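Dumped model.pdb below, it's PDB, C-alpha atoms:
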```pdb
ATOM      1  CA  MET A   1       0.000   0.000   0.000
ATOM      2  CA  VAL A   2       1.364   3.348  -0.935
ATOM      3  CA  VAL A   3       0.639   6.328   1.217
ATOM      4  CA  ALA A   4       1.911   9.651   0.066
ATOM      5  CA  ALA A   5       1.522  12.695   2.221
ATOM      6  CA  SER A   6       2.313  16.327   2.117
ATOM      7  CA  THR A   7       1.736  19.315   4.286
ATOM      8  CA  CYS A   8       1.128  22.920   3.575
ATOM      9  CA  ARG A   9       1.000  25.931   5.811
ATOM     10  CA  THR A  10      -0.291  29.371   4.973
ATOM     11  CA  GLU A  11      -1.012  32.522   6.882
ATOM     12  CA  THR A  12      -3.668  35.054   6.074
ATOM     13  CA  VAL A  13      -4.332  38.368   7.733
ATOM     14  CA  PHE A  14      -7.890  39.663   7.701
ATOM     15  CA  ASP A  15      -8.146  43.379   8.261
ATOM     16  CA  TYR A  16     -11.126  42.971  10.506
ATOM     17  CA  SER A  17     -11.338  42.481  14.226
ATOM     18  CA  TRP A  18     -11.355  38.961  15.582
ATOM     19  CA  MET A  19     -14.923  39.413  16.743
ATOM     20  CA  ASN A  20     -16.087  40.449  13.288
ATOM     21  CA  VAL A  21     -14.235  37.545  11.717
ATOM     22  CA  VAL A  22     -15.866  34.945  13.943
ATOM     23  CA  ILE A  23     -19.292  36.506  13.509
ATOM     24  CA  ALA A  24     -18.819  36.442   9.737
ATOM     25  CA  TYR A  25     -17.449  32.902   9.875
ATOM     26  CA  TRP A  26     -20.848  31.409  10.646
ATOM     27  CA  ASN A  27     -22.242  33.352   7.677
ATOM     28  CA  ARG A  28     -19.532  32.700   5.126
ATOM     29  CA  TYR A  29     -21.737  30.555   2.889
ATOM     30  CA  PRO A  30     -22.963  31.172   0.330
ATOM     31  CA  ASN A  31     -20.460  33.509  -1.298
ATOM     32  CA  PRO A  32     -19.253  33.987  -4.889
ATOM     33  CA  SER A  33     -16.312  31.641  -4.345
ATOM     34  CA  SER A  34     -18.285  28.893  -2.684
ATOM     35  CA  ALA A  35     -20.230  27.483  -5.603
ATOM     36  CA  HIS A  36     -19.044  24.003  -4.759
ATOM     37  CA  VAL A  37     -20.442  24.115  -1.240
ATOM     38  CA  LEU A  38     -23.873  22.534  -1.455
ATOM     39  CA  THR A  39     -25.042  22.193   2.113
ATOM     40  CA  GLU A  40     -24.086  23.371   5.546
ATOM     41  CA  ASP A  41     -25.522  22.176   8.841
ATOM     42  CA  THR A  42     -24.710  22.518  12.502
ATOM     43  CA  ILE A  43     -25.021  19.037  13.906
ATOM     44  CA  GLN A  44     -23.789  19.617  17.435
ATOM     45  CA  ARG A  45     -23.113  22.666  19.520
ATOM     46  CA  GLU A  46     -22.649  23.510  23.186
ATOM     47  CA  VAL A  47     -20.917  25.833  25.606
ATOM     48  CA  ARG A  48     -18.458  24.225  28.021
ATOM     49  CA  ASP A  49     -16.213  26.195  30.357
ATOM     50  CA  GLY A  50     -17.200  29.382  28.566
ATOM     51  CA  LYS A  51     -16.036  28.085  25.196
ATOM     52  CA  LEU A  52     -18.237  27.330  22.217
ATOM     53  CA  PHE A  53     -17.848  23.855  20.742
ATOM     54  CA  SER A  54     -19.458  23.230  17.372
ATOM     55  CA  ARG A  55     -19.607  20.405  14.920
ATOM     56  CA  ARG A  56     -20.809  21.087  11.405
ATOM     57  CA  LEU A  57     -21.435  18.983   8.369
ATOM     58  CA  LEU A  58     -20.761  20.373   4.914
ATOM     59  CA  SER A  59     -21.154  18.785   1.535
ATOM     60  CA  LYS A  60     -19.405  19.835  -1.620
ATOM     61  CA  THR A  61     -19.851  18.873  -5.256
ATOM     62  CA  ASN A  62     -17.390  16.521  -6.781
ATOM     63  CA  PRO A  63     -15.603  18.193  -9.704
ATOM     64  CA  VAL A  64     -13.745  15.143 -10.935
ATOM     65  CA  PRO A  65     -14.596  14.385 -14.568
ATOM     66  CA  LYS A  66     -16.595  11.408 -15.777
ATOM     67  CA  TRP A  67     -13.628   9.380 -16.924
ATOM     68  CA  GLY A  68     -12.379   9.292 -13.372
ATOM     69  CA  ALA A  69     -15.736   8.067 -12.150
ATOM     70  CA  ARG A  70     -14.712   4.440 -12.092
ATOM     71  CA  PHE A  71     -12.397   5.146  -9.188
ATOM     72  CA  TYR A  72     -14.965   6.449  -6.798
ATOM     73  CA  ASN A  73     -18.625   7.100  -6.224
ATOM     74  CA  ASN A  74     -19.718  10.295  -7.857
ATOM     75  CA  VAL A  75     -21.584  11.731  -4.911
ATOM     76  CA  PRO A  76     -21.037  14.978  -3.048
ATOM     77  CA  VAL A  77     -18.185  14.841  -0.593
ATOM     78  CA  LYS A  78     -19.043  15.230   3.064
ATOM     79  CA  ILE A  79     -16.808  17.269   5.301
ATOM     80  CA  VAL A  80     -16.965  17.419   9.077
ATOM     81  CA  GLU A  81     -15.795  20.537  10.839
ATOM     82  CA  ASP A  82     -15.164  20.686  14.586
ATOM     83  CA  SER A  83     -14.374  24.000  16.189
ATOM     84  CA  VAL A  84     -13.606  25.580  19.526
ATOM     85  CA  LEU A  85     -14.130  29.278  20.114
ATOM     86  CA  ASP A  86     -12.731  31.026  23.180
ATOM     87  CA  PRO A  87     -14.255  34.492  23.490
ATOM     88  CA  VAL A  88     -11.961  35.476  26.339
ATOM     89  CA  LYS A  89      -8.650  34.489  24.786
ATOM     90  CA  LYS A  90      -9.999  35.397  21.340
ATOM     91  CA  THR A  91      -8.938  32.209  19.656
ATOM     92  CA  PHE A  92     -10.976  30.176  17.231
ATOM     93  CA  THR A  93      -9.750  26.816  15.990
ATOM     94  CA  THR A  94     -11.400  24.818  13.239
ATOM     95  CA  PHE A  95     -10.544  21.289  12.181
ATOM     96  CA  THR A  96     -12.021  19.927   8.986
ATOM     97  CA  ARG A  97     -11.678  16.546   7.368
ATOM     98  CA  ASN A  98     -13.517  14.721   4.607
ATOM     99  CA  LEU A  99     -15.649  11.655   5.077
ATOM    100  CA  GLY A 100     -15.388   9.081   2.368
ATOM    101  CA  MET A 101     -13.016   9.229  -0.605
ATOM    102  CA  THR A 102     -10.249   9.215   1.948
ATOM    103  CA  LYS A 103      -8.240   6.673   0.006
ATOM    104  CA  ILE A 104      -8.183   8.953  -2.999
ATOM    105  CA  MET A 105      -7.382  11.994  -0.969
ATOM    106  CA  LYS A 106      -7.606  12.759   2.677
ATOM    107  CA  VAL A 107      -7.382  16.409   3.541
ATOM    108  CA  ASP A 108      -7.193  17.436   7.174
ATOM    109  CA  GLU A 109      -7.104  21.149   7.770
ATOM    110  CA  ILE A 110      -6.567  23.097  10.939
ATOM    111  CA  VAL A 111      -7.124  26.815  10.969
ATOM    112  CA  ILE A 112      -6.499  28.987  13.997
ATOM    113  CA  TYR A 113      -7.826  32.537  14.095
ATOM    114  CA  THR A 114      -6.259  34.884  16.619
ATOM    115  CA  GLU A 115      -6.256  38.577  17.269
ATOM    116  CA  GLN A 116      -3.163  40.548  16.360
ATOM    117  CA  LYS A 117      -1.771  43.528  18.258
ATOM    118  CA  ASP A 118      -2.915  45.942  15.563
ATOM    119  CA  GLY A 119      -6.483  44.673  15.849
ATOM    120  CA  SER A 120      -6.477  42.585  12.716
ATOM    121  CA  THR A 121      -6.998  38.827  12.662
ATOM    122  CA  LEU A 122      -4.406  36.242  11.787
ATOM    123  CA  ALA A 123      -5.500  32.910  10.321
ATOM    124  CA  VAL A 124      -2.889  30.171  10.280
ATOM    125  CA  ARG A 125      -3.923  27.269   8.119
ATOM    126  CA  ARG A 126      -2.232  23.887   8.114
ATOM    127  CA  ALA A 127      -3.331  21.286   5.608
ATOM    128  CA  TYR A 128      -2.330  17.646   5.766
ATOM    129  CA  ILE A 129      -2.960  15.836   2.535
ATOM    130  CA  SER A 130      -2.531  12.147   2.035
ATOM    131  CA  SER A 131      -3.486   9.694  -0.618
ATOM    132  CA  GLN A 132      -3.244   6.011  -1.207
ATOM    133  CA  VAL A 133      -3.247   6.370  -4.962
ATOM    134  CA  PHE A 134       0.040   5.444  -6.493
ATOM    135  CA  GLY A 135       1.589   8.299  -8.372
ATOM    136  CA  PHE A 136       0.182  10.960  -6.094
ATOM    137  CA  SER A 137       3.438  12.238  -4.694
ATOM    138  CA  ARG A 138       5.096  12.100  -8.065
ATOM    139  CA  ALA A 139       2.346  14.270  -9.440
ATOM    140  CA  ILE A 140       2.760  16.665  -6.550
ATOM    141  CA  ARG A 141       6.448  16.975  -7.238
ATOM    142  CA  ALA A 142       5.785  17.426 -10.932
ATOM    143  CA  PHE A 143       3.747  20.565 -10.682
ATOM    144  CA  GLY A 144       5.093  21.217  -7.276
ATOM    145  CA  ILE A 145       3.524  21.677  -3.949
ATOM    146  CA  GLU A 146       3.222  25.197  -5.340
ATOM    147  CA  ARG A 147      -0.195  24.307  -6.630
ATOM    148  CA  PHE A 148      -1.447  23.467  -3.167
ATOM    149  CA  LYS A 149       0.300  26.502  -1.888
ATOM    150  CA  ALA A 150      -1.355  28.566  -4.577
ATOM    151  CA  ASN A 151      -4.715  27.390  -3.427
ATOM    152  CA  GLY A 152      -3.817  28.606   0.001
ATOM    153  CA  ASN A 153      -2.224  31.752  -1.306
ATOM    154  CA  LYS A 154      -5.249  32.667  -3.307
ATOM    155  CA  ALA A 155      -6.903  35.410  -1.348
ATOM    156  CA  SER A 156      -9.708  34.207   0.841
ATOM    157  CA  ASN A 157     -11.991  35.959  -1.521
ATOM    158  CA  GLY A 158     -15.145  34.303  -0.435
ATOM    159  CA  PHE A 159     -14.670  34.962   3.245
ATOM    160  CA  ASN A 160     -13.543  38.518   2.618
ATOM    161  CA  TYR A 161     -16.557  39.113   0.436
ATOM    162  CA  VAL A 162     -18.784  38.209   3.353
ATOM    163  CA  LEU A 163     -16.717  40.292   5.789
ATOM    164  CA  ARG A 164     -16.953  43.308   3.505
ATOM    165  CA  ARG A 165     -20.691  42.979   3.256
ATOM    166  CA  MET A 166     -21.321  42.450   6.935
ATOM    167  CA  PHE A 167     -18.851  45.032   8.213
ATOM    168  CA  PRO A 168     -18.408  47.601   5.437
ATOM    169  CA  ASP A 169     -16.992  50.298   7.698
ATOM    170  CA  SER A 170     -14.833  48.096   9.826
ATOM    171  CA  LEU A 171     -11.573  47.662   8.007
ATOM    172  CA  VAL A 172      -8.741  47.663  10.476
ATOM    173  CA  GLY A 173      -6.022  48.262   7.919
ATOM    174  CA  GLY A 174      -6.777  48.876   4.281
ATOM    175  CA  GLY A 175      -7.822  45.513   2.998
ATOM    176  CA  HIS A 176      -6.537  42.035   3.507
ATOM    177  CA  HIS A 177      -3.194  40.730   2.521
ATOM    178  CA  GLN A 178      -1.788  37.303   2.523
ATOM    179  CA  HIS A 179       1.699  36.024   2.729
ATOM    180  CA  ALA A 180       2.427  32.404   2.444
ATOM    181  CA  VAL A 181       4.721  30.821   4.903
ATOM    182  CA  THR A 182       4.836  27.315   3.747
ATOM    183  CA  THR A 183       6.847  24.591   5.287
ATOM    184  CA  THR A 184       5.927  21.844   2.986
ATOM    185  CA  SER A 185       7.405  18.454   3.336
ATOM    186  CA  SER A 186       6.491  15.909   0.794
ATOM    187  CA  ALA A 187       6.839  12.592   2.501
ATOM    188  CA  GLY A 188       6.786  10.781  -0.813
ATOM    189  CA  GLU A 189       6.071   7.149  -1.368
ATOM    190  CA  LEU A 190       6.623   5.069   1.729
ATOM    191  CA  ALA A 191       6.689   1.792  -0.097
ATOM    192  CA  VAL A 192       6.190   0.656  -3.599
ATOM    193  CA  ALA A 193       3.413  -1.847  -3.714
ATOM    194  CA  THR A 194      -0.007  -2.334  -5.123
ATOM    195  CA  THR A 195      -2.188   0.515  -6.054
ATOM    196  CA  THR A 196      -5.727   1.152  -4.944
ATOM    197  CA  VAL A 197      -6.637   2.439  -8.371
ATOM    198  CA  SER A 198      -8.452  -0.516  -9.835
ATOM    199  CA  THR A 199      -7.320  -1.837 -13.148
ATOM    200  CA  THR A 200      -9.111  -4.127 -15.490
ATOM    201  CA  ASN A 201      -7.172  -7.292 -14.845
ATOM    202  CA  GLY A 202      -6.220  -6.687 -11.264
ATOM    203  CA  ASN A 203      -2.918  -8.451 -11.622
ATOM    204  CA  HIS A 204      -0.699  -6.388  -9.428
ATOM    205  CA  ASN A 205       2.411  -8.320 -10.162
ATOM    206  CA  ASN A 206       2.284  -7.318 -13.765
ATOM    207  CA  PRO A 207       4.611  -4.347 -14.178
ATOM    208  CA  GLY A 208       2.665  -3.194 -17.196
ATOM    209  CA  THR A 209      -0.464  -2.956 -15.105
ATOM    210  CA  LEU A 210       1.300  -1.091 -12.329
ATOM    211  CA  LYS A 211       2.844   1.217 -14.832
ATOM    212  CA  SER A 212      -0.414   2.047 -16.534
ATOM    213  CA  ALA A 213      -2.171   2.417 -13.208
ATOM    214  CA  ALA A 214       0.559   4.714 -12.026
ATOM    215  CA  LYS A 215       0.283   6.718 -15.193
ATOM    216  CA  VAL A 216      -3.447   7.051 -14.716
ATOM    217  CA  GLY A 217      -2.956   8.070 -11.116
ATOM    218  CA  TYR A 218      -0.301  10.544 -12.096
ATOM    219  CA  GLU A 219      -2.324  12.114 -14.872
ATOM    220  CA  PHE A 220      -5.384  12.166 -12.706
ATOM    221  CA  PHE A 221      -3.683  14.121  -9.998
ATOM    222  CA  LYS A 222      -1.642  16.298 -12.265
ATOM    223  CA  SER A 223      -4.717  17.769 -13.776
ATOM    224  CA  HIS A 224      -7.037  17.644 -10.854
ATOM    225  CA  ALA A 225      -5.091  17.834  -7.652
ATOM    226  CA  SER A 226      -5.588  21.502  -7.087
ATOM    227  CA  LYS A 227      -9.268  21.110  -7.837
ATOM    228  CA  ILE A 228      -9.526  18.129  -5.532
ATOM    229  CA  ALA A 229      -7.674  19.915  -2.808
ATOM    230  CA  GLN A 230     -10.040  22.814  -3.152
ATOM    231  CA  LEU A 231     -12.948  20.438  -3.022
ATOM    232  CA  PHE A 232     -11.776  18.955   0.232
ATOM    233  CA  SER A 233     -10.745  22.260   1.670
ATOM    234  CA  VAL A 234     -13.255  24.629   3.107
ATOM    235  CA  LYS A 235     -10.938  27.517   2.507
ATOM    236  CA  ASN A 236     -13.540  29.536   0.689
TER     237      ASN A 236
ATOM    238  CA  MET B   1     -27.405  27.995   2.358
ATOM    239  CA  ASN B   2     -29.162  24.680   2.086
ATOM    240  CA  SER B   3     -29.378  21.944   4.635
ATOM    241  CA  ILE B   4     -28.434  18.337   3.927
ATOM    242  CA  GLY B   5     -32.124  17.590   4.342
ATOM    243  CA  GLU B   6     -34.335  19.493   1.948
ATOM    244  CA  ASP B   7     -37.176  19.658   4.403
ATOM    245  CA  CYS B   8     -34.884  21.070   7.076
ATOM    246  CA  ASN B   9     -34.136  24.313   5.265
ATOM    247  CA  GLU B  10     -36.727  26.378   7.066
ATOM    248  CA  LEU B  11     -35.705  25.030  10.457
ATOM    249  CA  LYS B  12     -32.088  25.694   9.650
ATOM    250  CA  LYS B  13     -32.878  29.277   8.734
ATOM    251  CA  GLN B  14     -34.685  29.810  12.015
ATOM    252  CA  TYR B  15     -31.939  28.212  14.048
ATOM    253  CA  ASP B  16     -29.195  30.164  12.264
ATOM    254  CA  ALA B  17     -31.019  33.426  12.897
ATOM    255  CA  CYS B  18     -31.406  32.578  16.572
ATOM    256  CA  PHE B  19     -27.797  31.497  16.878
ATOM    257  CA  ASN B  20     -26.361  34.532  15.082
ATOM    258  CA  SER B  21     -28.314  36.857  17.294
ATOM    259  CA  TRP B  22     -27.283  35.081  20.506
ATOM    260  CA  PHE B  23     -23.683  34.710  19.341
ATOM    261  CA  SER B  24     -23.016  38.368  18.559
ATOM    262  CA  GLU B  25     -25.249  39.972  21.174
ATOM    263  CA  GLY B  26     -24.916  37.417  23.934
ATOM    264  CA  PHE B  27     -22.026  35.016  23.793
ATOM    265  CA  LEU B  28     -19.390  37.487  22.634
ATOM    266  CA  LYS B  29     -20.510  39.862  25.369
ATOM    267  CA  GLY B  30     -20.095  37.300  28.105
ATOM    268  CA  GLN B  31     -23.458  35.591  28.168
ATOM    269  CA  THR B  32     -22.620  31.913  27.908
ATOM    270  CA  ASP B  33     -26.142  30.610  28.458
ATOM    271  CA  ASP B  34     -27.261  29.176  25.148
ATOM    272  CA  SER B  35     -30.610  27.848  26.262
ATOM    273  CA  GLY B  36     -32.534  30.487  24.315
ATOM    274  CA  CYS B  37     -31.999  28.673  21.052
ATOM    275  CA  ALA B  38     -32.340  25.188  22.536
ATOM    276  CA  PRO B  39     -35.945  24.552  21.455
ATOM    277  CA  ILE B  40     -35.435  25.435  17.784
ATOM    278  CA  PHE B  41     -32.066  23.674  17.830
ATOM    279  CA  ARG B  42     -33.696  20.490  19.059
ATOM    280  CA  VAL B  43     -36.267  20.446  16.284
ATOM    281  CA  TYR B  44     -33.688  21.343  13.643
ATOM    282  CA  GLN B  45     -31.372  18.600  14.935
ATOM    283  CA  GLU B  46     -34.065  15.949  14.724
ATOM    284  CA  CYS B  47     -34.617  16.893  11.100
ATOM    285  CA  VAL B  48     -30.914  16.848  10.209
ATOM    286  CA  LYS B  49     -30.219  13.592  12.006
ATOM    287  CA  ARG B  50     -33.104  12.006  10.171
ATOM    288  CA  ALA B  51     -31.777  13.260   6.839
ATOM    289  CA  MET B  52     -28.328  11.932   7.682
ATOM    290  CA  ARG B  53     -29.779   8.525   8.505
ATOM    291  CA  GLU B  54     -31.708   8.496   5.249
ATOM    292  CA  GLN B  55     -28.610   9.396   3.295
ATOM    293  CA  LYS B  56     -26.539   6.920   5.281
ATOM    294  CA  ILE B  57     -24.080   9.543   6.440
ATOM    295  CA  GLU B  58     -22.175   8.120   9.348
ATOM    296  CA  LEU B  59     -19.773   9.830  11.666
ATOM    297  CA  ARG B  60     -18.025   6.698  12.812
ATOM    298  CA  GLU B  61     -14.813   7.824  11.160
ATOM    299  CA  VAL B  62     -14.672  11.004  13.156
ATOM    300  CA  GLY B  63     -15.836   9.770  16.517
ATOM    301  CA  SER B  64     -18.104  11.471  18.987
ATOM    302  CA  GLU B  65     -15.568  13.725  20.682
ATOM    303  CA  TYR B  66     -14.827  17.136  19.226
ATOM    304  CA  CYS B  67     -11.398  17.115  17.642
ATOM    305  CA  THR B  68      -9.153  20.042  16.867
ATOM    306  CA  GLY B  69      -6.395  18.135  15.175
ATOM    307  CA  SER B  70      -4.204  17.865  18.215
ATOM    308  CA  GLU B  71      -2.618  14.742  16.793
ATOM    309  CA  TYR B  72      -0.786  17.092  14.431
ATOM    310  CA  ASP B  73       0.456  19.248  17.272
ATOM    311  CA  ASN B  74       3.150  16.980  18.662
ATOM    312  CA  ALA B  75       5.887  19.142  17.306
ATOM    313  CA  ASN B  76       4.339  22.398  18.375
ATOM    314  CA  HIS B  77       2.351  23.298  21.418
ATOM    315  CA  SER B  78       0.318  20.998  23.544
ATOM    316  CA  GLY B  79      -3.087  20.994  21.973
ATOM    317  CA  GLY B  80      -5.822  20.050  24.379
ATOM    318  CA  LYS B  81      -6.735  16.564  23.377
ATOM    319  CA  THR B  82      -9.633  16.009  25.654
ATOM    320  CA  GLN B  83     -12.711  17.753  24.507
ATOM    321  CA  PRO B  84     -16.170  17.343  25.940
ATOM    322  CA  LYS B  85     -18.349  14.813  24.220
ATOM    323  CA  PRO B  86     -20.872  16.607  22.069
ATOM    324  CA  LYS B  87     -24.518  16.437  23.118
ATOM    325  CA  SER B  88     -26.458  14.354  20.637
TER     326      SER B  88
END
```
Kindly transcribe the structure held in the file into structure tokens.
Amino acid sequence: MVVAASTCRTETVFDYSWMNVVIAYWNRYPNPSSAHVLTEDTIQREVRDGKLFSRRLLSKTNPVPKWGARFYNNVPVKIVEDSVLDPVKKTFTTFTRNLGMTKIMKVDEIVIYTEQKDGSTLAVRRAYISSQVFGFSRAIRAFGIERFKANGNKASNGFNYVLRRMFPDSLVGGGHHQHAVTTTSSAGELAVATTTVSTTNGNHNNPGTLKSAAKVGYEFFKSHASKIAQLFSVKN
Amino acid sequence: MNSIGEDCNELKKQYDACFNSWFSEGFLKGQTDDSGCAPIFRVYQECVKRAMREQKIELREVGSEYCTGSEYDNANHSGGKTQPKPKS
């Protein structure tokens, strides 16, 4: 079994107060950048020790093209988000991960929102991406972890859109800016073995089969990894 | 925004409105009592849980405890691993 993993870390500064950011957070959908987010539900919520614990369920459309359909079920992807909000310390931590399709790609994301000295809000996002599809890490290296980084670097347009609308006169600075501090480490293939991408004859000892499966996996991810990562991420 | 259950949309809207109001006017100003929205939350929850059952959405993979990814924190700070079990 091959497990390839990579990590990505980005920082975003929102020029709004922490309070405005967390208020807007619960209202971030829908927004112009969130077309893929289909549903959003709060499935658990409570206050314990003065902190707000929430669990939400989101579902997103699956953008993978038809030819890739034989590798998975073409249903919306479900994402579970747990969060803890401390109104005294002004910290808000969210942890999202996808249900299902985890063999193809598992994306765990942790985002921590804290207040900065100048009144703006810092969001530090760490994404942990792993896949059991052979060829994944090769594809990552091919177009570089830059693509995942780019997804993180892309301005949080959707969230900022909502912030602008809810708090039009509340810019702390002059708009948001984002600098990427990425410490990416591609763990690469841990072992060369069979692939979970099914092939027609299923003979895993046949190098031709492995090769073609790897090629499929590689091509698949080369063209769709950033889309898939965006699908699994609730960045926007 | 839609709910996972089509027939839960109206309940979701009502709950969200109640929550948003309590969150910004109450919780963030020190009022930690969330019982005001409890009735609508209960009804909304029943609807969502039913829709999840119908669509066979299971949370076995994620477990019943809230998780903030502390398993990734070993290198950094000590993330609080124990979280209260969510009320069902």
inquiry  = Only residues of chain A matter here; which ones have an atom within 10 Å of chain B, counting all atoms listed in the file? Give them as an NGL selection string.
reply    = :A and (19-20 or 22-24 or 26-31 or 37-55 or 57-59 or 78 or 80-84 or 86-88 or 90 or 93-100 or 108-112 or 126 or 128)
*asked:* For Thr102 in chain A, find every residue with an atom within 9 Å (counting all atoms listed in the file), except residues of its own chain fewer than 5 positions away, and show them as an NGL selection string.
replied: :A and (107 or 130-132)
*In Å, how far is it from CA of Asp118 in chain A to CA of Glu25 in chain B?*
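Going from CA of Asp118 in chain A over to CA of Glu25 in chain B, I get 23.8 Å.
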Kindly list the centre and edge lengths in Å, rounded to one decimal, for the axis-aligned box that covers all listed atoms of range 6-19 of chain B plus 6 Å on each of its six sides, as JSON.
```
{"center_x": -32.5, "center_y": 26.5, "center_z": 9.4, "size_x": 21.4, "size_y": 25.9, "size_z": 26.9}
```
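As for CA of Met166 in chain A and CA of Thr121 in chain A, they are spaced 15.8 Å apart.
Separating CA of Cys18 in chain B from CA of Thr61 in chain A is a distance of 28.2 Å.
Nearest residue to Phe159 in chain A, choosing from A:Ser17, A:Ser33, A:Thr10, A:Gln116 and counting all atoms listed in the file: A:Ser33.
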